[in-house]
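Peer 1: Please see the structure below; I have some questions.
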Amino acid sequence: MTPLTIRFGTDGWRAIIADEYTFENVRYCAEGVARYVEKAGLAGRGLVIGYDTRFASEDFAAATAEVVAAHGIKVYIFDSAAATPVACHAILDKLAGGAAVITASHNPGSYNGFKYKPEYAGSAPPEVVEELEAEIDAGQRDGEPKRLTFAAAIAEGLIEVFNPRPAYDRHVAGLVDLAFIRDAGLNIVFDAMHSTGAGVYQRLLGGGATRILELRGDRNPAFPGMVSPEPIARNLTGLAEAVVNGGAGIGLA
């Protein structure tokens with residue numbers, strides 16, 4: 001079978017799960033990333049791996065970690081789903097060589113994706129994307145990607161499961177006066193849309209006079225009622241109703 005030609009579009013590669021988005025192809029992406037960071041001289045800094053709430057994202061992330069670890073590159077992998085900006089901050093916090101993030105952003109629920117964030121925690125420029133794609137192609141020509149089982153990689157100290165939220169929360173607290181908002185007595189409705197934002201506002205702003213009502217905070221990879229999980233008007237009728245009916249000052253999604 002001819003390998004799939006994997007090309008990164010806006011901030012990564014996205015495809016339909018079990019069609020083109022398979023464990024085999026995700027492993028080829030991971031192989032390409034590992035080869036890229038080795039050639040760029042970043043392998044010694046390790047790689048962050050994050051993931052979202054989509055179907056099997058944690059499993060695709062683990063598969064990615066196994067390939068990267070097989071190259072002798074230290075992996076820092078999320079302990080649970082979190083937003084892509086959290087992965088970006090983790091790069092800086094860990095002084096890592098970059099991050100691979102399993103997410104399809106706002107695509108329909110049948111999709112998943114693979115993003116690469118460079119060592120400076122922004123989007124990869126065209127020249128880096130071209131190098132990544134070239135390394136993915138090279139890996140496909142060479143056969144099966146390297147793999148080290150997750151358990152073995154942990155035992156060897158090559159995979160570290162960690163919670164990226166405390167460091168990220170401290171960073172946010174350094175930019176925003178959270179205590180002021182927490183004690184302001186606001187009435188906030190937040191629609192998490194079954195995604196990685198669930199629990200964030202309660203974690204950052206809970207415990208004070210400000211009230212937070214969270215909608216759709218459970219994980220549901222089907223994203224029911226939405227063609228795609230995107231905060232646009234057609235997906236936010238429930239939020240709008242909750243704001244009006246609850247006399248809220250603001251609705252966020």
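In the structure tokens, each chain is lettered A, B, ... as it comes, each chain's residues begin at 1, and ligands are numbered from 1 in order of appearance.
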I'd like the neighbourhood of Glu156 of chain A as a list in words, where a residue qualifies if any of its atoms comes within 10 Å (using only C-alpha atoms), though same-chain residues fewer than 4 positions away should be ignored.
Peer 2: Ala69, Gly72, Lys74, Phe150, Ala151, Ala152 and Glu160 of chain A
Peer 1: Can you list, as a PyMOL selection string, every protein, DNA or RNA residue that comes within 12 Å of Tyr111 of chain A when you count only C-alpha atoms, leaving out same-chain residues fewer than 6 positions away?
Peer 2: chain A and resi 13-22+52-57+102-105+221-223+227-229
Peer 1: Those same residues - N, CA, C and O atoms - I'd like them written as a CSV table (one decimal), in the first residue's frame.
Peer 2:
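Below is the file selection_22.csv, written as the result:
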```
chain,number,residue,atom,x,y,z
A,13,TRP,N,-1.9,19.1,10.6
A,13,TRP,CA,-2.5,18.1,9.7
A,13,TRP,C,-3.8,17.6,10.4
A,13,TRP,O,-3.8,17.3,11.5
A,14,ARG,N,-4.9,17.6,9.6
A,14,ARG,CA,-6.2,17.1,10.1
A,14,ARG,C,-6.8,16.1,9.1
A,14,ARG,O,-6.7,16.3,7.9
A,15,ALA,N,-7.5,15.1,9.6
A,15,ALA,CA,-8.1,14.1,8.8
A,15,ALA,C,-9.2,13.4,9.5
A,15,ALA,O,-9.3,13.5,10.8
A,16,ILE,N,-10.0,12.6,8.8
A,16,ILE,CA,-11.1,11.9,9.4
A,16,ILE,C,-10.5,10.6,10.1
A,16,ILE,O,-9.7,9.9,9.6
A,17,ILE,N,-11.0,10.5,11.4
A,17,ILE,CA,-10.5,9.4,12.2
A,17,ILE,C,-10.9,8.0,11.6
A,17,ILE,O,-12.0,7.8,11.1
A,18,ALA,N,-9.9,7.1,11.5
A,18,ALA,CA,-10.1,5.7,11.0
A,18,ALA,C,-10.1,5.7,9.5
A,18,ALA,O,-10.1,4.6,8.9
A,19,ASP,N,-10.1,6.8,8.8
A,19,ASP,CA,-9.9,6.9,7.4
A,19,ASP,C,-8.4,7.2,7.1
A,19,ASP,O,-7.7,6.2,6.9
A,20,GLU,N,-8.1,8.4,7.1
A,20,GLU,CA,-6.7,8.8,6.9
A,20,GLU,C,-6.0,9.0,8.3
A,20,GLU,O,-4.8,8.8,8.4
A,21,TYR,N,-6.8,9.4,9.3
A,21,TYR,CA,-6.2,9.6,10.6
A,21,TYR,C,-6.2,8.3,11.4
A,21,TYR,O,-7.2,7.9,12.0
A,22,THR,N,-5.1,7.6,11.2
A,22,THR,CA,-4.9,6.3,11.9
A,22,THR,C,-3.7,6.3,12.8
A,22,THR,O,-2.9,7.3,12.7
A,52,ASP,N,-6.4,17.0,23.1
A,52,ASP,CA,-7.7,17.6,23.4
A,52,ASP,C,-8.7,16.5,23.9
A,52,ASP,O,-8.3,15.4,24.2
A,53,THR,N,-10.0,16.8,23.8
A,53,THR,CA,-11.0,15.9,24.3
A,53,THR,C,-11.7,15.1,23.1
A,53,THR,O,-12.7,14.4,23.3
A,54,ARG,N,-11.1,15.1,22.0
A,54,ARG,CA,-11.7,14.3,20.8
A,54,ARG,C,-11.5,12.8,21.1
A,54,ARG,O,-10.8,12.4,21.9
A,55,PHE,N,-12.1,12.1,20.2
A,55,PHE,CA,-12.1,10.6,20.3
A,55,PHE,C,-10.7,10.1,20.3
A,55,PHE,O,-10.0,10.3,19.3
A,56,ALA,N,-10.3,9.4,21.3
A,56,ALA,CA,-9.0,8.7,21.4
A,56,ALA,C,-7.8,9.6,21.4
A,56,ALA,O,-6.7,9.1,21.1
A,57,SER,N,-8.0,10.9,21.6
A,57,SER,CA,-6.9,11.8,21.6
A,57,SER,C,-5.7,11.3,22.5
A,57,SER,O,-4.6,11.4,22.2
A,102,ILE,N,-2.2,16.8,19.8
A,102,ILE,CA,-3.3,16.0,19.2
A,102,ILE,C,-4.6,16.8,19.3
A,102,ILE,O,-5.2,16.8,20.3
A,103,THR,N,-5.0,17.4,18.2
A,103,THR,CA,-6.2,18.2,18.2
A,103,THR,C,-6.6,18.5,16.7
A,103,THR,O,-5.7,18.7,15.9
A,104,ALA,N,-7.9,18.6,16.5
A,104,ALA,CA,-8.3,19.1,15.2
A,104,ALA,C,-9.0,20.4,15.3
A,104,ALA,O,-9.8,20.8,14.4
A,105,SER,N,-8.8,21.2,16.4
A,105,SER,CA,-9.3,22.5,16.6
A,105,SER,C,-10.8,22.5,16.4
A,105,SER,O,-11.6,21.8,17.1
A,221,PRO,N,-17.0,13.6,22.4
A,221,PRO,CA,-16.3,13.8,21.1
A,221,PRO,C,-17.3,13.9,19.9
A,221,PRO,O,-16.8,14.3,18.9
A,222,ALA,N,-18.6,13.6,20.1
A,222,ALA,CA,-19.5,13.8,19.0
A,222,ALA,C,-19.9,15.2,18.9
A,222,ALA,O,-20.5,15.6,17.8
A,223,PHE,N,-19.7,16.0,19.9
A,223,PHE,CA,-20.1,17.4,19.9
A,223,PHE,C,-21.5,17.6,19.4
A,223,PHE,O,-21.8,18.2,18.4
A,227,VAL,N,-22.4,21.1,14.1
A,227,VAL,CA,-21.7,20.6,12.9
A,227,VAL,C,-20.2,20.5,13.2
A,227,VAL,O,-19.5,19.5,12.9
A,228,SER,N,-19.7,21.5,13.8
A,228,SER,CA,-18.3,21.5,14.3
A,228,SER,C,-18.2,22.3,15.6
A,228,SER,O,-19.0,23.3,15.7
A,229,PRO,N,-17.3,22.0,16.5
A,229,PRO,CA,-17.3,22.7,17.8
A,229,PRO,C,-16.6,24.1,17.7
A,229,PRO,O,-15.4,24.3,18.0
```
Peer 1: So, with only C-alpha atoms as the atoms that count, which of A:Asp177, A:Glu214, A:Asp79, A:Glu230 lies closest to Phe190 of chain A?
Peer 2: A:Glu214
Peer 1: With distances taken over only C-alpha atoms, which residue among A:Val26, A:Val75, A:Ile154, A:Glu31 lies nearest Leu132 of chain A?
Peer 2: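 Smallest distance to Leu132 of chain A is found for A:Glu31.
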Peer 1: If we count only C-alpha atoms, what is near Ala34 of chain A at a cut-off of 7 Å, once residues fewer than 3 positions away on the same chain are taken out, given as a PyMOL selection string?
Peer 2: chain A and resi 30-31+37-38+68+71
Peer 1: Next, write the just-selected residues to a file, as a PDB file, in the first residue's frame, keeping N, CA, C and O atoms as the atom set.
Peer 2:
```pdb
ATOM      1  N   ALA A  30       4.841  11.516  14.156  1.00  0.00           N
ATOM      2  CA  ALA A  30       5.736  11.551  15.308  1.00  0.00           C
ATOM      3  C   ALA A  30       7.172  11.259  14.902  1.00  0.00           C
ATOM      4  O   ALA A  30       8.124  11.893  15.394  1.00  0.00           O
ATOM      5  N   GLU A  31       7.347  10.307  13.987  1.00  0.00           N
ATOM      6  CA  GLU A  31       8.679   9.988  13.479  1.00  0.00           C
ATOM      7  C   GLU A  31       9.291  11.213  12.801  1.00  0.00           C
ATOM      8  O   GLU A  31      10.475  11.527  12.999  1.00  0.00           O
ATOM      9  N   VAL A  37      13.505  17.431  15.183  1.00  0.00           N
ATOM     10  CA  VAL A  37      14.130  18.037  16.363  1.00  0.00           C
ATOM     11  C   VAL A  37      15.561  17.543  16.536  1.00  0.00           C
ATOM     12  O   VAL A  37      16.422  18.283  17.045  1.00  0.00           O
ATOM     13  N   GLU A  38      15.835  16.319  16.098  1.00  0.00           N
ATOM     14  CA  GLU A  38      17.218  15.821  16.135  1.00  0.00           C
ATOM     15  C   GLU A  38      18.104  16.650  15.210  1.00  0.00           C
ATOM     16  O   GLU A  38      19.180  17.108  15.609  1.00  0.00           O
ATOM     17  N   VAL A  68       8.535   9.086  19.753  1.00  0.00           N
ATOM     18  CA  VAL A  68       9.527  10.105  20.117  1.00  0.00           C
ATOM     19  C   VAL A  68      10.508   9.548  21.143  1.00  0.00           C
ATOM     20  O   VAL A  68      11.729   9.740  21.036  1.00  0.00           O
ATOM     21  N   HIS A  71      13.424   7.447  20.033  1.00  0.00           N
ATOM     22  CA  HIS A  71      14.583   8.175  19.509  1.00  0.00           C
ATOM     23  C   HIS A  71      15.482   8.679  20.636  1.00  0.00           C
ATOM     24  O   HIS A  71      16.460   9.397  20.369  1.00  0.00           O
TER      25      HIS A  71
END
```
Peer 1: Measure the distance from atom CA of Phe114 of chain A to atom CA of His89 of chain A in Å and round it to one decimal.
Peer 2: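 One can read the atom CA of Phe114 of chain A to atom CA of His89 of chain A distance as 17.6 Å.
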Peer 1: Write out as a ChimeraX atom specification each polymer residue whose atoms come within 8 Å of segment 196-207 of chain A, counting only C-alpha atoms; drop sequence neighbours fewer than 5 positions from it.
Peer 2: /A:52-53,81-83,169,178-179,181-182,190,212,214,216-218
Peer 1: With a distance cut-off of 10 Å and only C-alpha atoms, select the neighbouring residues of Phe8 of chain A, excluding the residue or stretch itself and same-chain residues fewer than 6 positions from it, and output the selection as a list in words.
Peer 2: Arg14, Gly113, Phe114, Lys115, Tyr116, Pro126, Val129, Glu130, Leu132 and Glu133 of chain A
Peer 1: Got a sec to tell me which of segment 8-154 of chain A DSSP assigns to strand (DSSP E or B), as an mmCIF file with N, CA and C atoms, in the first residue's frame?
Peer 2:
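Okay, result-v4.cif is ready:
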```cif
data_model
loop_
_atom_site.group_PDB
_atom_site.id
_atom_site.type_symbol
_atom_site.label_atom_id
_atom_site.label_comp_id
_atom_site.auth_asym_id
_atom_site.auth_seq_id
_atom_site.Cartn_x
_atom_site.Cartn_y
_atom_site.Cartn_z
ATOM 1 N N GLY A 9 -1.520 21.794 6.916
ATOM 2 C CA GLY A 9 -2.166 23.021 6.467
ATOM 3 C C GLY A 9 -1.987 24.092 7.523
ATOM 4 N N GLY A 12 -1.086 22.611 11.205
ATOM 5 C CA GLY A 12 -1.087 21.173 11.426
ATOM 6 C C GLY A 12 -1.798 20.362 10.367
ATOM 7 N N TRP A 13 -1.862 19.056 10.617
ATOM 8 C CA TRP A 13 -2.521 18.110 9.716
ATOM 9 C C TRP A 13 -3.801 17.613 10.370
ATOM 10 N N ARG A 14 -4.897 17.566 9.614
ATOM 11 C CA ARG A 14 -6.185 17.095 10.131
ATOM 12 C C ARG A 14 -6.803 16.140 9.123
ATOM 13 N N ALA A 15 -7.461 15.108 9.632
ATOM 14 C CA ALA A 15 -8.083 14.118 8.757
ATOM 15 C C ALA A 15 -9.161 13.373 9.532
ATOM 16 N N ILE A 16 -9.967 12.609 8.798
ATOM 17 C CA ILE A 16 -11.070 11.872 9.420
ATOM 18 C C ILE A 16 -10.520 10.639 10.140
ATOM 19 N N ILE A 17 -10.954 10.474 11.380
ATOM 20 C CA ILE A 17 -10.506 9.357 12.207
ATOM 21 C C ILE A 17 -10.892 8.033 11.553
ATOM 22 N N TYR A 21 -6.805 9.396 9.284
ATOM 23 C CA TYR A 21 -6.240 9.639 10.616
ATOM 24 C C TYR A 21 -6.199 8.321 11.380
ATOM 25 N N LEU A 47 10.473 17.006 24.342
ATOM 26 C CA LEU A 47 9.294 17.407 23.573
ATOM 27 C C LEU A 47 8.049 17.290 24.449
ATOM 28 N N VAL A 48 7.218 18.312 24.421
ATOM 29 C CA VAL A 48 5.921 18.290 25.112
ATOM 30 C C VAL A 48 4.897 17.634 24.191
ATOM 31 N N ILE A 49 4.023 16.807 24.755
ATOM 32 C CA ILE A 49 2.926 16.231 23.983
ATOM 33 C C ILE A 49 1.621 16.506 24.720
ATOM 34 N N GLY A 50 0.711 17.203 24.033
ATOM 35 C CA GLY A 50 -0.592 17.515 24.606
ATOM 36 C C GLY A 50 -1.702 16.945 23.744
ATOM 37 N N TYR A 51 -2.916 17.022 24.248
ATOM 38 C CA TYR A 51 -4.051 16.493 23.494
ATOM 39 C C TYR A 51 -5.356 17.086 23.991
ATOM 40 N N VAL A 75 10.138 12.890 26.739
ATOM 41 C CA VAL A 75 8.771 13.313 26.448
ATOM 42 C C VAL A 75 8.094 13.781 27.730
ATOM 43 N N TYR A 76 7.455 14.951 27.662
ATOM 44 C CA TYR A 76 6.608 15.451 28.743
ATOM 45 C C TYR A 76 5.175 15.410 28.221
ATOM 46 N N ILE A 77 4.371 14.449 28.694
ATOM 47 C CA ILE A 77 3.031 14.281 28.162
ATOM 48 C C ILE A 77 1.976 14.665 29.192
ATOM 49 N N PHE A 78 0.931 15.337 28.741
ATOM 50 C CA PHE A 78 -0.165 15.771 29.612
ATOM 51 C C PHE A 78 -0.763 14.588 30.370
ATOM 52 N N GLY A 98 9.985 21.827 21.635
ATOM 53 C CA GLY A 98 8.753 22.029 20.887
ATOM 54 C C GLY A 98 7.644 21.205 21.503
ATOM 55 N N ALA A 99 6.538 21.110 20.780
ATOM 56 C CA ALA A 99 5.398 20.330 21.262
ATOM 57 C C ALA A 99 4.645 19.730 20.087
ATOM 58 N N ALA A 100 4.150 18.524 20.296
ATOM 59 C CA ALA A 100 3.188 17.911 19.386
ATOM 60 C C ALA A 100 1.853 17.898 20.115
ATOM 61 N N VAL A 101 0.809 18.357 19.444
ATOM 62 C CA VAL A 101 -0.503 18.445 20.073
ATOM 63 C C VAL A 101 -1.519 17.691 19.221
ATOM 64 N N ILE A 102 -2.210 16.752 19.837
ATOM 65 C CA ILE A 102 -3.251 15.999 19.152
ATOM 66 C C ILE A 102 -4.555 16.765 19.268
ATOM 67 N N TYR A 111 -13.164 14.273 12.922
ATOM 68 C CA TYR A 111 -11.760 14.575 12.631
ATOM 69 C C TYR A 111 -10.890 14.533 13.886
ATOM 70 N N ASN A 112 -9.617 14.287 13.677
ATOM 71 C CA ASN A 112 -8.599 14.606 14.665
ATOM 72 C C ASN A 112 -7.406 15.166 13.917
ATOM 73 N N GLY A 113 -6.388 15.606 14.652
ATOM 74 C CA GLY A 113 -5.286 16.267 13.976
ATOM 75 C C GLY A 113 -3.986 16.176 14.745
ATOM 76 N N PHE A 114 -2.943 16.713 14.140
ATOM 77 C CA PHE A 114 -1.589 16.669 14.698
ATOM 78 C C PHE A 114 -0.948 18.029 14.440
ATOM 79 N N LYS A 115 -0.638 18.752 15.509
ATOM 80 C CA LYS A 115 0.026 20.047 15.380
ATOM 81 C C LYS A 115 1.455 19.949 15.896
ATOM 82 N N TYR A 116 2.326 20.764 15.326
ATOM 83 C CA TYR A 116 3.672 20.905 15.872
ATOM 84 C C TYR A 116 3.897 22.367 16.221
ATOM 85 N N LYS A 117 4.357 22.602 17.443
ATOM 86 C CA LYS A 117 4.709 23.941 17.891
ATOM 87 C C LYS A 117 6.216 23.991 18.146
ATOM 88 N N PRO A 118 6.933 24.921 17.538
ATOM 89 C CA PRO A 118 8.388 24.999 17.708
ATOM 90 C C PRO A 118 8.792 25.429 19.119
#
```
Peer 1: Go through A:Leu4, A:Ala43, A:Cys88, A:Ala121 one by one, measure the shortest atom-to-atom distance of each to Tyr168 of chain A using only C-alpha atoms, and give the residue with the smallest value.
Peer 2: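 The shortest atom-to-atom distance to Tyr168 of chain A comes from A:Cys88.
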Peer 1: Report the distance between atom CA of Val176 of chain A and atom CA of Ser195 of chain A in Å, rounded to one decimal place.
Peer 2: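 Interatomic distance, atom CA of Val176 of chain A to atom CA of Ser195 of chain A: 22.9 Å.
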Peer 1: Could you please determine the separation between atom CA of Asp93 of chain A and atom CA of Pro145 of chain A in Å, to one decimal place?
Peer 2: 28.7 Å
Peer 1: Per DSSP on the backbone, what are the helix (DSSP H, G or I) residues of segment 5-231 of chain A, as JSON, numbers by chain?
Peer 2: {"A": [23, 24, 25, 26, 27, 28, 29, 30, 31, 32, 33, 34, 35, 36, 37, 38, 39, 43, 44, 45, 57, 58, 59, 60, 61, 62, 63, 64, 65, 66, 67, 68, 69, 70, 84, 85, 86, 87, 88, 89, 90, 91, 92, 93, 94, 126, 127, 128, 129, 130, 131, 132, 133, 134, 135, 136, 137, 138, 139, 140, 141, 142, 150, 151, 152, 153, 154, 155, 165, 166, 167, 168, 169, 170, 171, 172, 173, 174, 175, 178, 179, 180, 181, 182, 200, 201, 202, 203, 204, 205]}
Peer 1: Given only C-alpha atoms as the basis, pick out the residue of A:Thr5, A:Thr149, A:Ala167, A:Glu58 nearest to Ile91 of chain A.
Peer 2: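 Smallest separation from Ile91 of chain A among the options: A:Ala167.
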Peer 1: Rank A:Val244, A:Val161, A:Leu239, A:Leu186 by their smallest atom-to-atom distance to Ser80 of chain A, using only C-alpha atoms, and report the top residue only.
Peer 2: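 Selected residue with least distance to Ser80 of chain A: A:Val161.
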Peer 1: Using only C-alpha atoms for the distances, tell me which of A:Leu213, A:Thr2, A:Ala173, A:Ile73 is nearest to Ala248 of chain A.
Peer 2: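 Smallest distance to Ala248 of chain A is found for A:Leu213.
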Peer 1: Please provide as a PyMOL selection string all residues within 9 Å of Leu95 of chain A, with the sequence filter that same-chain residues fewer than 3 positions apart are discarded (counting only C-alpha atoms).
Peer 2: chain A and resi 45-46+90-92+98+119
